[in-house]
There are 2 protein chains.
Amino acid sequence: MAEFTLLPIAWVVSTRTVTEDDAWDQERSSLVLDDAVPTEALIGIASFSHLEIIAVAHRVVDGANVRWSRRPRGRTDWPEQGVFAQRNKDRPNRLLSTTVQLLAVDGRELHVRGLDLIDGTPVVDIKPVFRWTGPRTPVVAPEWSDELGRDYF
Amino acid sequence: MAEFTLLPIAWVVSTRTVTEDDAWDQERSSLVLDDAVPTEALIGIASFSHLEIIAVAHRVVDGANVRWSRRPRGRTDWPEQGVFAQRNKDRPNRLLSTTVQLLAVDGRELHVRGLDLIDGTPVVDIKPVFRWTGPRTPVVAPEWSDELGRDYF
């Protein structure tokens, strides 16, 4: 069976240390390169305004307990959704993906805004956002996902 | 040392079978759920127009040979960039992330547009794009990244 191994390339530093869903803009947060990664890996990154961060929800117990579908946040007024029709952390492979604004590069530390990851989260990739890497046609999404975003940042 | 293991949850089916950089819109492509994943995982996914796909560049040799910085596509007229200031596949953890348009859901198969992954690529996550999960401020990016996108799709 195909199986792949990930090593952290950076770590989240955040004023948020507990798992809570909303108001992420209240926090100060940054990404610090892992000791195994040379500073060279960040050359030119300051020329981008936004980054895509891929991380592992390390506090989620991996494996057997994934629910393949559920109502987002358990809200009975929202529809049952498959795990791949949601972005929540309780998912196969526990991967999280989030787009942040890059505020400043300070040596091996990237200060960012809008990082919805708690302190100590292992980061497994950082990619710059290009002007053309997002959706190329208008985004259609259900009402519940708009509502979920109302107090998120 | 922290280390995480990934299992494929789906596989790429594409008319493109060799690694080439551009003109991805010429291909027909889809994602097919892995046998271990129940169809239930896709409930409600058709209510979204776009998906974020996280995959492993399985043909890249993992590990020791990562170049921490280089010129994108080896172009001498483009600046040296750190690996985290580029999106190319030769990177630590070999993770790829791409946003596609969802054209149709057919049982365990998702027909998509703009998938820049070759046939047989293992997919490790699928997330819906919400109206608010992209950049919240205007995207700034260097000229070379615009140029790279010109013939990409």
# chains A, B, ... in the order shown; residues from 1 in each chain; ligands from 1

$ calpha_fit_and_write --fixed "chain B" --moving "chain A" --output "PDB file with C-alpha atoms, in the first residue's frame"
ATOM      1  CA  MET A   1      11.250  13.551  15.937  1.00  0.00           C
ATOM      2  CA  ALA A   2       7.695  14.335  14.851  1.00  0.00           C
ATOM      3  CA  GLU A   3       6.760  12.355  11.770  1.00  0.00           C
ATOM      4  CA  PHE A   4       3.379  11.921  10.118  1.00  0.00           C
ATOM      5  CA  THR A   5       2.084   9.282   7.759  1.00  0.00           C
ATOM      6  CA  LEU A   6      -0.283   9.875   4.837  1.00  0.00           C
ATOM      7  CA  LEU A   7      -2.513   7.404   3.047  1.00  0.00           C
ATOM      8  CA  PRO A   8      -4.076   8.183  -0.348  1.00  0.00           C
ATOM      9  CA  ILE A   9      -7.811   8.919  -0.134  1.00  0.00           C
ATOM     10  CA  ALA A  10      -8.245   9.236  -3.909  1.00  0.00           C
ATOM     11  CA  TRP A  11      -6.328   8.892  -7.156  1.00  0.00           C
ATOM     12  CA  VAL A  12      -5.944  11.126 -10.201  1.00  0.00           C
ATOM     13  CA  VAL A  13      -7.246   9.906 -13.532  1.00  0.00           C
ATOM     14  CA  SER A  14      -5.979  12.130 -16.335  1.00  0.00           C
ATOM     15  CA  THR A  15      -5.276  12.113 -20.040  1.00  0.00           C
ATOM     16  CA  ARG A  16      -1.854  13.483 -19.109  1.00  0.00           C
ATOM     17  CA  THR A  17       0.588  10.738 -18.177  1.00  0.00           C
ATOM     18  CA  VAL A  18       3.922  12.540 -18.405  1.00  0.00           C
ATOM     19  CA  THR A  19       5.308  15.430 -16.369  1.00  0.00           C
ATOM     20  CA  GLU A  20       4.861  18.580 -18.451  1.00  0.00           C
ATOM     21  CA  ASP A  21       4.410  22.093 -17.176  1.00  0.00           C
ATOM     22  CA  ASP A  22       1.776  23.852 -19.253  1.00  0.00           C
ATOM     23  CA  ALA A  23      -1.618  23.763 -20.988  1.00  0.00           C
ATOM     24  CA  TRP A  24      -3.441  21.774 -18.317  1.00  0.00           C
ATOM     25  CA  ASP A  25      -6.875  22.792 -19.614  1.00  0.00           C
ATOM     26  CA  GLN A  26      -6.295  20.554 -22.629  1.00  0.00           C
ATOM     27  CA  GLU A  27      -6.643  17.494 -20.410  1.00  0.00           C
ATOM     28  CA  ARG A  28      -9.691  15.652 -19.127  1.00  0.00           C
ATOM     29  CA  SER A  29      -9.263  14.676 -15.530  1.00  0.00           C
ATOM     30  CA  SER A  30     -11.014  13.314 -12.493  1.00  0.00           C
ATOM     31  CA  LEU A  31     -10.464  12.103  -8.953  1.00  0.00           C
ATOM     32  CA  VAL A  32     -11.574   8.601  -7.964  1.00  0.00           C
ATOM     33  CA  LEU A  33     -11.983   7.689  -4.300  1.00  0.00           C
ATOM     34  CA  ASP A  34      -9.652   5.046  -2.926  1.00  0.00           C
ATOM     35  CA  ASP A  35     -11.322   1.692  -2.203  1.00  0.00           C
ATOM     36  CA  ALA A  36     -10.929   2.279   1.548  1.00  0.00           C
ATOM     37  CA  VAL A  37     -13.088   5.429   1.460  1.00  0.00           C
ATOM     38  CA  PRO A  38     -16.900   5.142   1.488  1.00  0.00           C
ATOM     39  CA  THR A  39     -18.952   7.176  -0.997  1.00  0.00           C
ATOM     40  CA  GLU A  40     -20.508   8.912   2.029  1.00  0.00           C
ATOM     41  CA  ALA A  41     -17.368  11.083   2.213  1.00  0.00           C
ATOM     42  CA  LEU A  42     -18.671  13.014  -0.812  1.00  0.00           C
ATOM     43  CA  ILE A  43     -22.149  13.895   0.508  1.00  0.00           C
ATOM     44  CA  GLY A  44     -22.948  17.509  -0.324  1.00  0.00           C
ATOM     45  CA  ILE A  45     -19.788  18.122  -2.346  1.00  0.00           C
ATOM     46  CA  ALA A  46     -21.810  19.025  -5.459  1.00  0.00           C
ATOM     47  CA  SER A  47     -22.969  22.203  -3.699  1.00  0.00           C
ATOM     48  CA  PHE A  48     -19.459  23.626  -4.203  1.00  0.00           C
ATOM     49  CA  SER A  49     -18.057  24.945  -7.480  1.00  0.00           C
ATOM     50  CA  HIS A  50     -14.378  24.603  -6.553  1.00  0.00           C
ATOM     51  CA  LEU A  51     -12.185  22.194  -4.605  1.00  0.00           C
ATOM     52  CA  GLU A  52      -8.722  22.364  -3.167  1.00  0.00           C
ATOM     53  CA  ILE A  53      -6.742  19.199  -3.883  1.00  0.00           C
ATOM     54  CA  ILE A  54      -3.708  18.163  -1.853  1.00  0.00           C
ATOM     55  CA  ALA A  55      -1.582  15.474  -3.469  1.00  0.00           C
ATOM     56  CA  VAL A  56       1.833  13.860  -3.275  1.00  0.00           C
ATOM     57  CA  ALA A  57       4.276  14.261  -6.172  1.00  0.00           C
ATOM     58  CA  HIS A  58       4.944  10.542  -6.010  1.00  0.00           C
ATOM     59  CA  ARG A  59       7.492  10.463  -8.834  1.00  0.00           C
ATOM     60  CA  VAL A  60       9.740  12.961  -7.109  1.00  0.00           C
ATOM     61  CA  VAL A  61      12.457  11.201  -5.134  1.00  0.00           C
ATOM     62  CA  ASP A  62      11.853  12.198  -1.518  1.00  0.00           C
ATOM     63  CA  GLY A  63      14.371  13.584   0.839  1.00  0.00           C
ATOM     64  CA  ALA A  64      18.017  14.342   0.494  1.00  0.00           C
ATOM     65  CA  ASN A  65      18.028  16.037  -2.895  1.00  0.00           C
ATOM     66  CA  VAL A  66      15.804  19.036  -2.188  1.00  0.00           C
ATOM     67  CA  ARG A  67      17.373  22.231  -3.485  1.00  0.00           C
ATOM     68  CA  TRP A  68      16.610  24.907  -0.910  1.00  0.00           C
ATOM     69  CA  SER A  69      16.719  27.620  -3.547  1.00  0.00           C
ATOM     70  CA  ARG A  70      16.894  27.868  -7.313  1.00  0.00           C
ATOM     71  CA  ARG A  71      15.631  29.891 -10.239  1.00  0.00           C
ATOM     72  CA  PRO A  72      12.060  28.820 -11.116  1.00  0.00           C
ATOM     73  CA  ARG A  73      12.139  26.476 -14.120  1.00  0.00           C
ATOM     74  CA  GLY A  74      15.879  27.197 -14.320  1.00  0.00           C
ATOM     75  CA  ARG A  75      15.127  30.483 -16.126  1.00  0.00           C
ATOM     76  CA  THR A  76      18.218  32.674 -15.879  1.00  0.00           C
ATOM     77  CA  ASP A  77      16.079  35.796 -16.362  1.00  0.00           C
ATOM     78  CA  TRP A  78      14.048  34.964 -13.228  1.00  0.00           C
ATOM     79  CA  PRO A  79      15.357  35.544  -9.683  1.00  0.00           C
ATOM     80  CA  GLU A  80      16.706  32.898  -7.329  1.00  0.00           C
ATOM     81  CA  GLN A  81      13.836  31.824  -5.055  1.00  0.00           C
ATOM     82  CA  GLY A  82      13.736  29.747  -1.913  1.00  0.00           C
ATOM     83  CA  VAL A  83      11.738  26.532  -2.133  1.00  0.00           C
ATOM     84  CA  PHE A  84       8.955  28.082   0.000  1.00  0.00           C
ATOM     85  CA  ALA A  85       8.776  31.046  -2.377  1.00  0.00           C
ATOM     86  CA  GLN A  86       7.962  28.661  -5.249  1.00  0.00           C
ATOM     87  CA  ARG A  87       5.237  26.099  -5.903  1.00  0.00           C
ATOM     88  CA  ASN A  88       7.248  23.538  -7.890  1.00  0.00           C
ATOM     89  CA  LYS A  89       7.091  19.843  -7.068  1.00  0.00           C
ATOM     90  CA  ASP A  90      10.717  19.345  -5.990  1.00  0.00           C
ATOM     91  CA  ARG A  91      10.170  20.308  -2.357  1.00  0.00           C
ATOM     92  CA  PRO A  92      10.306  18.895   1.155  1.00  0.00           C
ATOM     93  CA  ASN A  93       7.387  16.507   1.700  1.00  0.00           C
ATOM     94  CA  ARG A  94       6.552  16.597  -2.045  1.00  0.00           C
ATOM     95  CA  LEU A  95       3.100  18.066  -1.364  1.00  0.00           C
ATOM     96  CA  LEU A  96       1.147  19.702  -4.187  1.00  0.00           C
ATOM     97  CA  SER A  97      -1.889  21.902  -3.739  1.00  0.00           C
ATOM     98  CA  THR A  98      -4.177  23.012  -6.509  1.00  0.00           C
ATOM     99  CA  THR A  99      -7.603  24.592  -6.913  1.00  0.00           C
ATOM    100  CA  VAL A 100      -9.930  22.991  -9.460  1.00  0.00           C
ATOM    101  CA  GLN A 101     -13.424  23.594 -10.748  1.00  0.00           C
ATOM    102  CA  LEU A 102     -15.835  20.757  -9.955  1.00  0.00           C
ATOM    103  CA  LEU A 103     -17.697  19.871 -13.142  1.00  0.00           C
ATOM    104  CA  ALA A 104     -19.678  16.801 -12.075  1.00  0.00           C
ATOM    105  CA  VAL A 105     -19.979  14.178  -9.365  1.00  0.00           C
ATOM    106  CA  ASP A 106     -20.448  10.674 -10.723  1.00  0.00           C
ATOM    107  CA  GLY A 107     -20.688   8.192  -7.854  1.00  0.00           C
ATOM    108  CA  ARG A 108     -17.154   7.875  -6.503  1.00  0.00           C
ATOM    109  CA  GLU A 109     -15.646  10.018  -9.249  1.00  0.00           C
ATOM    110  CA  LEU A 110     -15.251  13.798  -9.318  1.00  0.00           C
ATOM    111  CA  HIS A 111     -14.838  15.289 -12.790  1.00  0.00           C
ATOM    112  CA  VAL A 112     -12.798  18.458 -12.562  1.00  0.00           C
ATOM    113  CA  ARG A 113     -11.207  21.193 -14.653  1.00  0.00           C
ATOM    114  CA  GLY A 114      -7.723  22.600 -14.216  1.00  0.00           C
ATOM    115  CA  LEU A 115      -6.168  19.692 -12.330  1.00  0.00           C
ATOM    116  CA  ASP A 116      -2.401  20.029 -12.833  1.00  0.00           C
ATOM    117  CA  LEU A 117      -1.585  16.491 -11.716  1.00  0.00           C
ATOM    118  CA  ILE A 118      -0.646  13.516 -13.863  1.00  0.00           C
ATOM    119  CA  ASP A 119      -2.487  10.228 -14.098  1.00  0.00           C
ATOM    120  CA  GLY A 120      -1.927   7.985 -11.077  1.00  0.00           C
ATOM    121  CA  THR A 121      -1.057  10.751  -8.612  1.00  0.00           C
ATOM    122  CA  PRO A 122      -2.103   9.890  -5.029  1.00  0.00           C
ATOM    123  CA  VAL A 123      -4.464  12.463  -3.491  1.00  0.00           C
ATOM    124  CA  VAL A 124      -4.283  12.918   0.277  1.00  0.00           C
ATOM    125  CA  ASP A 125      -7.023  15.501   0.852  1.00  0.00           C
ATOM    126  CA  ILE A 126      -9.965  17.201  -0.834  1.00  0.00           C
ATOM    127  CA  LYS A 127     -11.420  20.386   0.668  1.00  0.00           C
ATOM    128  CA  PRO A 128     -14.226  22.591  -0.607  1.00  0.00           C
ATOM    129  CA  VAL A 129     -13.420  26.210  -1.451  1.00  0.00           C
ATOM    130  CA  PHE A 130     -15.567  28.576   0.604  1.00  0.00           C
ATOM    131  CA  ARG A 131     -16.289  32.142  -0.514  1.00  0.00           C
ATOM    132  CA  TRP A 132     -14.002  33.400   2.238  1.00  0.00           C
ATOM    133  CA  THR A 133     -11.077  30.949   2.365  1.00  0.00           C
ATOM    134  CA  GLY A 134      -8.889  32.742  -0.189  1.00  0.00           C
ATOM    135  CA  PRO A 135      -6.870  35.941   0.260  1.00  0.00           C
ATOM    136  CA  ARG A 136      -8.829  38.722   1.986  1.00  0.00           C
ATOM    137  CA  THR A 137      -6.646  41.551   0.688  1.00  0.00           C
ATOM    138  CA  PRO A 138      -5.359  42.153  -2.873  1.00  0.00           C
ATOM    139  CA  VAL A 139      -2.720  39.637  -3.964  1.00  0.00           C
ATOM    140  CA  VAL A 140       0.747  41.027  -4.604  1.00  0.00           C
ATOM    141  CA  ALA A 141       3.127  38.717  -6.474  1.00  0.00           C
ATOM    142  CA  PRO A 142       6.305  39.215  -8.510  1.00  0.00           C
ATOM    143  CA  GLU A 143       6.365  39.494 -12.304  1.00  0.00           C
ATOM    144  CA  TRP A 144       8.008  36.070 -12.793  1.00  0.00           C
ATOM    145  CA  SER A 145       5.045  34.317 -11.150  1.00  0.00           C
ATOM    146  CA  ASP A 146       2.594  36.112 -13.472  1.00  0.00           C
ATOM    147  CA  GLU A 147       4.716  35.090 -16.446  1.00  0.00           C
ATOM    148  CA  LEU A 148       4.839  31.483 -15.258  1.00  0.00           C
ATOM    149  CA  GLY A 149       1.042  31.436 -15.286  1.00  0.00           C
ATOM    150  CA  ARG A 150       0.643  32.744 -18.813  1.00  0.00           C
ATOM    151  CA  ASP A 151       0.473  29.343 -20.544  1.00  0.00           C
ATOM    152  CA  TYR A 152      -0.191  27.203 -17.493  1.00  0.00           C
ATOM    153  CA  PHE A 153      -3.835  26.361 -18.130  1.00  0.00           C
TER     154      PHE A 153
END

$ select_by_dssp --residues "range 27-128 of chain B" --states "strand (DSSP E)" --output "JSON, numbers by chain"
{"B": [29, 30, 31, 32, 33, 50, 51, 52, 53, 54, 55, 56, 69, 70, 81, 82, 95, 96, 97, 98, 99, 100, 101, 102, 103, 104, 105, 106, 109, 110, 111, 112, 113, 122, 123, 124, 125, 126, 127, 128]}

$ write_last_selection --atoms "N, CA and C atoms" --output "short mmCIF file (atom, residue, chain, number, x, y, z; two decimals), in the first residue's frame"
data_model
loop_
_atom_site.label_atom_id
_atom_site.label_comp_id
_atom_site.auth_asym_id
_atom_site.auth_seq_id
_atom_site.Cartn_x
_atom_site.Cartn_y
_atom_site.Cartn_z
N SER B 29 -9.75 15.30 -16.73
CA SER B 29 -9.26 14.67 -15.51
C SER B 29 -10.34 14.51 -14.46
N SER B 30 -10.09 13.54 -13.59
CA SER B 30 -11.02 13.31 -12.49
C SER B 30 -10.27 12.73 -11.29
N LEU B 31 -10.98 12.69 -10.18
CA LEU B 31 -10.46 12.09 -8.95
C LEU B 31 -11.38 10.93 -8.62
N VAL B 32 -10.80 9.78 -8.33
CA VAL B 32 -11.59 8.60 -7.97
C VAL B 32 -11.24 8.20 -6.54
N LEU B 33 -12.24 8.06 -5.70
CA LEU B 33 -12.00 7.69 -4.30
C LEU B 33 -11.24 6.37 -4.20
N HIS B 50 -15.83 24.78 -6.51
CA HIS B 50 -14.37 24.60 -6.57
C HIS B 50 -13.87 23.76 -5.39
N LEU B 51 -12.81 23.02 -5.64
CA LEU B 51 -12.19 22.19 -4.61
C LEU B 51 -10.70 22.45 -4.56
N GLU B 52 -10.16 22.28 -3.35
CA GLU B 52 -8.72 22.36 -3.16
C GLU B 52 -8.23 20.91 -3.05
N ILE B 53 -7.25 20.57 -3.86
CA ILE B 53 -6.75 19.19 -3.88
C ILE B 53 -5.32 19.17 -3.34
N ILE B 54 -5.07 18.33 -2.36
CA ILE B 54 -3.71 18.15 -1.85
C ILE B 54 -3.24 16.76 -2.26
N ALA B 55 -2.08 16.72 -2.91
CA ALA B 55 -1.59 15.46 -3.47
C ALA B 55 -0.10 15.31 -3.19
N VAL B 56 0.40 14.11 -3.43
CA VAL B 56 1.83 13.84 -3.28
C VAL B 56 2.46 13.67 -4.66
N SER B 69 17.09 26.49 -2.69
CA SER B 69 16.72 27.62 -3.54
C SER B 69 17.19 27.36 -4.96
N ARG B 70 16.53 27.97 -5.90
CA ARG B 70 16.91 27.87 -7.31
C ARG B 70 16.10 28.89 -8.11
N GLN B 81 14.92 31.87 -6.04
CA GLN B 81 13.84 31.83 -5.06
C GLN B 81 14.03 30.65 -4.11
N GLY B 82 13.76 30.85 -2.85
CA GLY B 82 13.75 29.75 -1.91
C GLY B 82 12.63 28.77 -2.25
N LEU B 95 4.55 17.80 -1.33
CA LEU B 95 3.11 18.07 -1.37
C LEU B 95 2.77 19.07 -2.47
N LEU B 96 1.67 18.80 -3.16
CA LEU B 96 1.15 19.70 -4.19
C LEU B 96 -0.24 20.15 -3.75
N SER B 97 -0.57 21.38 -4.07
CA SER B 97 -1.89 21.90 -3.73
C SER B 97 -2.41 22.65 -4.94
N THR B 98 -3.64 22.38 -5.30
CA THR B 98 -4.18 23.00 -6.50
C THR B 98 -5.68 23.20 -6.36
N THR B 99 -6.17 24.27 -6.96
CA THR B 99 -7.61 24.58 -6.91
C THR B 99 -8.23 24.23 -8.25
N VAL B 100 -9.27 23.41 -8.22
CA VAL B 100 -9.93 22.99 -9.45
C VAL B 100 -11.40 23.36 -9.44
N GLN B 101 -11.98 23.39 -10.64
CA GLN B 101 -13.41 23.59 -10.74
C GLN B 101 -14.08 22.21 -10.77
N LEU B 102 -15.12 22.04 -9.97
CA LEU B 102 -15.84 20.76 -9.96
C LEU B 102 -16.90 20.78 -11.06
N LEU B 103 -16.78 19.88 -12.02
CA LEU B 103 -17.70 19.86 -13.15
C LEU B 103 -18.89 18.94 -12.89
N ALA B 104 -18.61 17.77 -12.31
CA ALA B 104 -19.69 16.80 -12.09
C ALA B 104 -19.25 15.76 -11.07
N VAL B 105 -20.23 15.28 -10.30
CA VAL B 105 -20.00 14.18 -9.36
C VAL B 105 -20.70 12.95 -9.93
N ASP B 106 -19.92 11.89 -10.12
CA ASP B 106 -20.48 10.67 -10.71
C ASP B 106 -20.12 9.51 -9.79
N GLU B 109 -16.57 9.29 -8.37
CA GLU B 109 -15.65 10.02 -9.24
C GLU B 109 -16.05 11.49 -9.35
N LEU B 110 -15.04 12.36 -9.20
CA LEU B 110 -15.25 13.80 -9.33
C LEU B 110 -14.60 14.27 -10.62
N HIS B 111 -15.40 14.74 -11.55
CA HIS B 111 -14.85 15.28 -12.79
C HIS B 111 -14.51 16.75 -12.55
N VAL B 112 -13.27 17.11 -12.89
CA VAL B 112 -12.80 18.46 -12.55
C VAL B 112 -12.09 19.12 -13.73
N ARG B 113 -11.91 20.43 -13.63
CA ARG B 113 -11.21 21.20 -14.66
C ARG B 113 -10.03 21.93 -14.02
N PRO B 122 -1.32 10.11 -6.26
CA PRO B 122 -2.11 9.88 -5.04
C PRO B 122 -2.57 11.20 -4.42
N VAL B 123 -3.85 11.27 -4.12
CA VAL B 123 -4.45 12.46 -3.50
C VAL B 123 -4.63 12.19 -2.00
N VAL B 124 -4.21 13.15 -1.17
CA VAL B 124 -4.28 12.91 0.28
C VAL B 124 -5.32 13.78 0.99
N ASP B 125 -5.89 14.75 0.28
CA ASP B 125 -7.02 15.50 0.85
C ASP B 125 -7.78 16.22 -0.24
N ILE B 126 -9.08 16.40 0.01
CA ILE B 126 -9.97 17.19 -0.85
C ILE B 126 -10.73 18.11 0.10
N LYS B 127 -10.69 19.40 -0.17
CA LYS B 127 -11.41 20.37 0.67
C LYS B 127 -12.24 21.28 -0.23
N PRO B 128 -13.44 21.65 0.19
CA PRO B 128 -14.22 22.59 -0.62
C PRO B 128 -13.67 24.01 -0.47
#

$ select_by_dssp --residues "chain B" --states "helix (DSSP H, G or I)" --output "list in words"
Trp24, Asp25, Gln26, Thr39, Glu40, Ala41, Leu42, Ile45, Ala46, Ser47, Pro72, Arg73, Gly74, Val83, Phe84, Ala85, Pro92, Asn93, Arg94, Glu143, Trp144, Ser145, Asp146, Glu147, Leu148 and Gly149 of chain B

$ write_last_selection --atoms "N, CA and C atoms" --output "mmCIF file, in the first residue's frame"
data_model
loop_
_atom_site.group_PDB
_atom_site.id
_atom_site.type_symbol
_atom_site.label_atom_id
_atom_site.label_comp_id
_atom_site.auth_asym_id
_atom_site.auth_seq_id
_atom_site.Cartn_x
_atom_site.Cartn_y
_atom_site.Cartn_z
ATOM 1 N N TRP B 24 -2.682 22.794 -19.036
ATOM 2 C CA TRP B 24 -3.435 21.768 -18.307
ATOM 3 C C TRP B 24 -4.908 21.698 -18.701
ATOM 4 N N ASP B 25 -5.459 22.808 -19.201
ATOM 5 C CA ASP B 25 -6.872 22.787 -19.588
ATOM 6 C C ASP B 25 -7.155 21.901 -20.795
ATOM 7 N N GLN B 26 -6.102 21.481 -21.475
ATOM 8 C CA GLN B 26 -6.290 20.571 -22.606
ATOM 9 C C GLN B 26 -6.671 19.160 -22.151
ATOM 10 N N THR B 39 -18.350 6.131 -0.163
ATOM 11 C CA THR B 39 -18.940 7.184 -1.008
ATOM 12 C C THR B 39 -19.528 8.312 -0.162
ATOM 13 N N GLU B 40 -19.972 7.966 1.039
ATOM 14 C CA GLU B 40 -20.500 8.911 2.035
ATOM 15 C C GLU B 40 -19.605 10.146 2.209
ATOM 16 N N ALA B 41 -18.309 9.993 2.011
ATOM 17 C CA ALA B 41 -17.355 11.095 2.202
ATOM 18 C C ALA B 41 -17.587 12.243 1.227
ATOM 19 N N LEU B 42 -18.409 11.993 0.200
ATOM 20 C CA LEU B 42 -18.658 13.027 -0.825
ATOM 21 C C LEU B 42 -20.032 13.700 -0.675
ATOM 22 N N ILE B 45 -20.925 17.476 -1.683
ATOM 23 C CA ILE B 45 -19.789 18.123 -2.361
ATOM 24 C C ILE B 45 -20.233 18.859 -3.635
ATOM 25 N N ALA B 46 -21.326 18.394 -4.237
ATOM 26 C CA ALA B 46 -21.813 19.022 -5.470
ATOM 27 C C ALA B 46 -22.337 20.440 -5.239
ATOM 28 N N SER B 47 -22.503 20.838 -3.986
ATOM 29 C CA SER B 47 -22.965 22.205 -3.715
ATOM 30 C C SER B 47 -21.825 23.221 -3.810
ATOM 31 N N PRO B 72 13.202 29.577 -10.648
ATOM 32 C CA PRO B 72 12.043 28.805 -11.124
ATOM 33 C C PRO B 72 12.242 28.370 -12.577
ATOM 34 N N ARG B 73 11.965 27.114 -12.820
ATOM 35 C CA ARG B 73 12.139 26.478 -14.137
ATOM 36 C C ARG B 73 13.539 26.677 -14.725
ATOM 37 N N GLY B 74 14.501 27.017 -13.861
ATOM 38 C CA GLY B 74 15.868 27.210 -14.331
ATOM 39 C C GLY B 74 16.050 28.440 -15.215
ATOM 40 N N VAL B 83 12.740 27.554 -1.793
ATOM 41 C CA VAL B 83 11.751 26.527 -2.139
ATOM 42 C C VAL B 83 10.353 26.900 -1.627
ATOM 43 N N PHE B 84 10.284 27.668 -0.525
ATOM 44 C CA PHE B 84 8.970 28.074 -0.003
ATOM 45 C C PHE B 84 8.470 29.376 -0.636
ATOM 46 N N ALA B 85 9.217 29.896 -1.588
ATOM 47 C CA ALA B 85 8.787 31.049 -2.388
ATOM 48 C C ALA B 85 8.511 30.587 -3.823
ATOM 49 N N PRO B 92 10.425 19.783 -0.017
ATOM 50 C CA PRO B 92 10.321 18.886 1.135
ATOM 51 C C PRO B 92 8.879 18.385 1.242
ATOM 52 N N ASN B 93 8.705 17.146 1.540
ATOM 53 C CA ASN B 93 7.396 16.497 1.691
ATOM 54 C C ASN B 93 6.635 16.308 0.368
ATOM 55 N N ARG B 94 7.145 16.842 -0.735
ATOM 56 C CA ARG B 94 6.561 16.588 -2.063
ATOM 57 C C ARG B 94 5.054 16.874 -2.158
ATOM 58 N N GLU B 143 6.560 39.654 -10.841
ATOM 59 C CA GLU B 143 6.374 39.500 -12.290
ATOM 60 C C GLU B 143 6.626 38.067 -12.788
ATOM 61 N N TRP B 144 7.688 37.417 -12.294
ATOM 62 C CA TRP B 144 8.004 36.076 -12.808
ATOM 63 C C TRP B 144 6.864 35.088 -12.567
ATOM 64 N N SER B 145 6.144 35.267 -11.443
ATOM 65 C CA SER B 145 5.059 34.327 -11.143
ATOM 66 C C SER B 145 3.863 34.572 -12.066
ATOM 67 N N ASP B 146 3.651 35.822 -12.474
ATOM 68 C CA ASP B 146 2.605 36.116 -13.470
ATOM 69 C C ASP B 146 2.968 35.459 -14.800
ATOM 70 N N GLU B 147 4.234 35.630 -15.155
ATOM 71 C CA GLU B 147 4.710 35.110 -16.431
ATOM 72 C C GLU B 147 4.582 33.581 -16.473
ATOM 73 N N LEU B 148 4.922 32.932 -15.356
ATOM 74 C CA LEU B 148 4.835 31.484 -15.258
ATOM 75 C C LEU B 148 3.404 31.001 -15.504
ATOM 76 N N GLY B 149 2.438 31.852 -15.136
ATOM 77 C CA GLY B 149 1.039 31.448 -15.278
ATOM 78 C C GLY B 149 0.466 31.639 -16.664
#

$ decode --residues "range 4-15 of chain A" --atoms "N, CA and C atoms" --output "PDB file, in the first residue's frame"
ATOM      1  N   PHE A   4       3.004   7.652   2.627  1.00  0.00           N
ATOM      2  CA  PHE A   4       3.981   8.731   2.525  1.00  0.00           C
ATOM      3  C   PHE A   4       4.252   9.318   3.898  1.00  0.00           C
ATOM      4  N   THR A   5       5.478   9.748   4.100  1.00  0.00           N
ATOM      5  CA  THR A   5       5.880  10.267   5.396  1.00  0.00           C
ATOM      6  C   THR A   5       6.157  11.762   5.308  1.00  0.00           C
ATOM      7  N   LEU A   6       5.682  12.517   6.289  1.00  0.00           N
ATOM      8  CA  LEU A   6       5.901  13.958   6.331  1.00  0.00           C
ATOM      9  C   LEU A   6       6.760  14.337   7.519  1.00  0.00           C
ATOM     10  N   LEU A   7       7.662  15.299   7.287  1.00  0.00           N
ATOM     11  CA  LEU A   7       8.435  15.875   8.379  1.00  0.00           C
ATOM     12  C   LEU A   7       8.100  17.365   8.472  1.00  0.00           C
ATOM     13  N   PRO A   8       7.952  17.901   9.675  1.00  0.00           N
ATOM     14  CA  PRO A   8       7.678  19.333   9.808  1.00  0.00           C
ATOM     15  C   PRO A   8       8.816  20.170   9.218  1.00  0.00           C
ATOM     16  N   ILE A   9       8.462  21.219   8.482  1.00  0.00           N
ATOM     17  CA  ILE A   9       9.473  22.138   7.952  1.00  0.00           C
ATOM     18  C   ILE A   9       9.423  23.478   8.705  1.00  0.00           C
ATOM     19  N   ALA A  10       8.382  23.651   9.503  1.00  0.00           N
ATOM     20  CA  ALA A  10       8.240  24.864  10.316  1.00  0.00           C
ATOM     21  C   ALA A  10       7.237  24.579  11.425  1.00  0.00           C
ATOM     22  N   TRP A  11       7.142  25.522  12.344  1.00  0.00           N
ATOM     23  CA  TRP A  11       6.242  25.357  13.494  1.00  0.00           C
ATOM     24  C   TRP A  11       5.457  26.640  13.714  1.00  0.00           C
ATOM     25  N   VAL A  12       4.217  26.493  14.147  1.00  0.00           N
ATOM     26  CA  VAL A  12       3.374  27.659  14.435  1.00  0.00           C
ATOM     27  C   VAL A  12       3.688  28.215  15.818  1.00  0.00           C
ATOM     28  N   VAL A  13       3.862  29.532  15.862  1.00  0.00           N
ATOM     29  CA  VAL A  13       3.925  30.248  17.130  1.00  0.00           C
ATOM     30  C   VAL A  13       2.693  31.151  17.158  1.00  0.00           C
ATOM     31  N   SER A  14       1.850  30.985  18.170  1.00  0.00           N
ATOM     32  CA  SER A  14       0.613  31.761  18.200  1.00  0.00           C
ATOM     33  C   SER A  14       0.208  32.078  19.620  1.00  0.00           C
ATOM     34  N   THR A  15      -0.483  33.191  19.785  1.00  0.00           N
ATOM     35  CA  THR A  15      -1.043  33.516  21.099  1.00  0.00           C
ATOM     36  C   THR A  15      -2.234  32.617  21.426  1.00  0.00           C
TER      37      THR A  15
END
